[in-house]
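Below: the structure, in structure tokens.
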Amino acid sequence: MSEAVDVAALADLPPGEPVLVRVGETPVCLVNVDGDVLAVHDICTHALESLSGGWVEGDTIECPRHGAQFSLRTGEVLTPPATVALPTYGVEVRDGRVLLDPTPSREHPLTR
Ligand code: FES
């Protein structure tokens with residue numbers, strides 16, 4: 001695990017609301033799912049839309065542009081038109097702070 005980065009206060013993550021943070025140059029979408037903070041790359045693998053402008057249902061996020069759905073837990077595509085999974089990030093909540101491991105689970109196909 002790379003050195004964790006403090007990216008947000010848990011109190012600033014309303015349940016079910018996507019929140020955009022930046023880790024260096026990388027945009028990351030955080031979602032508080034019933035107290036679990038999940039993190040995926042913010043950029044849709046279909047056509048570069050920002051997923052933090054999308055909609056969350058349970059542990060799924062829907063891209064606001066063409067409606068692809070991704071698992072916030074695994075990054076896998078659940079609904080086309082996207083076909084490539086998102087990078088995910090490890091998160092730990094400690095003392096009310098959200099600490100993110102900046103090493104992605106996989107490469108993003110359209111960004112670096
Ligand atoms: S840009 Fe996200 S589904 Fe097309």
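Lettering and numbering for the structure tokens are positional, with chains as A, B, ... in the shown order, residues counted from 1 in each chain, and ligands counted from 1 in the shown order.
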
Query - Expected answer as a PyMOL selection string: residues within 7 Å of ligand 1, only C-alpha atoms and all ligand atoms - result: chain A and resi 44-49+63-68+81-82

File dump, residues just selected, N, CA and C atoms, as a PDB file, in the first residue's frame:
ATOM      1  N   CYS A  44     -15.414   8.569 -16.412  1.00  0.00           N
ATOM      2  CA  CYS A  44     -16.059   7.416 -17.042  1.00  0.00           C
ATOM      3  C   CYS A  44     -15.154   6.841 -18.126  1.00  0.00           C
ATOM      4  N   THR A  45     -15.055   5.504 -18.166  1.00  0.00           N
ATOM      5  CA  THR A  45     -14.191   4.856 -19.157  1.00  0.00           C
ATOM      6  C   THR A  45     -14.815   4.842 -20.554  1.00  0.00           C
ATOM      7  N   HIS A  46     -16.045   5.334 -20.678  1.00  0.00           N
ATOM      8  CA  HIS A  46     -16.666   5.353 -22.007  1.00  0.00           C
ATOM      9  C   HIS A  46     -16.270   6.587 -22.800  1.00  0.00           C
ATOM     10  N   ALA A  47     -16.471   7.784 -22.225  1.00  0.00           N
ATOM     11  CA  ALA A  47     -16.177   9.001 -22.990  1.00  0.00           C
ATOM     12  C   ALA A  47     -15.849  10.180 -22.079  1.00  0.00           C
ATOM     13  N   LEU A  48     -15.101   9.895 -21.023  1.00  0.00           N
ATOM     14  CA  LEU A  48     -14.463  10.950 -20.228  1.00  0.00           C
ATOM     15  C   LEU A  48     -15.415  11.849 -19.435  1.00  0.00           C
ATOM     16  N   GLU A  49     -16.630  11.412 -19.166  1.00  0.00           N
ATOM     17  CA  GLU A  49     -17.535  12.222 -18.334  1.00  0.00           C
ATOM     18  C   GLU A  49     -17.141  12.103 -16.856  1.00  0.00           C
ATOM     19  N   CYS A  63     -23.353   6.943 -14.856  1.00  0.00           N
ATOM     20  CA  CYS A  63     -22.757   8.085 -15.566  1.00  0.00           C
ATOM     21  C   CYS A  63     -23.854   9.000 -16.083  1.00  0.00           C
ATOM     22  N   PRO A  64     -23.704  10.324 -15.873  1.00  0.00           N
ATOM     23  CA  PRO A  64     -24.757  11.243 -16.289  1.00  0.00           C
ATOM     24  C   PRO A  64     -24.841  11.439 -17.803  1.00  0.00           C
ATOM     25  N   ARG A  65     -23.826  10.963 -18.539  1.00  0.00           N
ATOM     26  CA  ARG A  65     -23.819  11.262 -19.976  1.00  0.00           C
ATOM     27  C   ARG A  65     -24.580  10.234 -20.810  1.00  0.00           C
ATOM     28  N   HIS A  66     -24.210   8.970 -20.702  1.00  0.00           N
ATOM     29  CA  HIS A  66     -24.880   7.946 -21.511  1.00  0.00           C
ATOM     30  C   HIS A  66     -25.458   6.810 -20.672  1.00  0.00           C
ATOM     31  N   GLY A  67     -25.355   6.931 -19.359  1.00  0.00           N
ATOM     32  CA  GLY A  67     -26.061   5.990 -18.490  1.00  0.00           C
ATOM     33  C   GLY A  67     -25.338   4.705 -18.137  1.00  0.00           C
ATOM     34  N   ALA A  68     -24.060   4.578 -18.467  1.00  0.00           N
ATOM     35  CA  ALA A  68     -23.341   3.374 -18.024  1.00  0.00           C
ATOM     36  C   ALA A  68     -23.367   3.318 -16.501  1.00  0.00           C
ATOM     37  N   PRO A  81     -23.225   1.838 -22.061  1.00  0.00           N
ATOM     38  CA  PRO A  81     -22.266   1.547 -23.134  1.00  0.00           C
ATOM     39  C   PRO A  81     -20.803   1.420 -22.711  1.00  0.00           C
ATOM     40  N   ALA A  82     -20.420   1.733 -21.485  1.00  0.00           N
ATOM     41  CA  ALA A  82     -19.035   1.491 -21.093  1.00  0.00           C
ATOM     42  C   ALA A  82     -18.761  -0.011 -21.139  1.00  0.00           C
TER      43      ALA A  82
END

Requested in this report: Excluding Gly16 of chain A and any residue of its chain fewer than 2 positions from it, enumerate the residues within 8 Å of it, using only C-alpha atoms, and give them as an MDAnalysis selection string.
Outcome: chainID A and resid 14 18 31:34 56:58

Query raised in the report: Expressed in Å to a single decimal, how great is the separation between atom CA of Pro15 of chain A and atom CA of Asp42 of chain A?
Result: 17.4 Å

Report task. With a distance cut-off of 10 Å and only C-alpha atoms, select the neighbouring residues of segment 99-108 of chain A, excluding the residue or stretch itself and same-chain residues fewer than 2 positions from it, and output the selection as a PyMOL selection string. Result -> chain A and resi 1-10+23-24+26+28+30+37-41+43-45+74-75+84-94+96-97+110-112

Report task. To one decimal in Å, tell me the separation between atom CA of Gln69 of chain A and atom CA of Glu17 of chain A. Result -> 15.3 Å
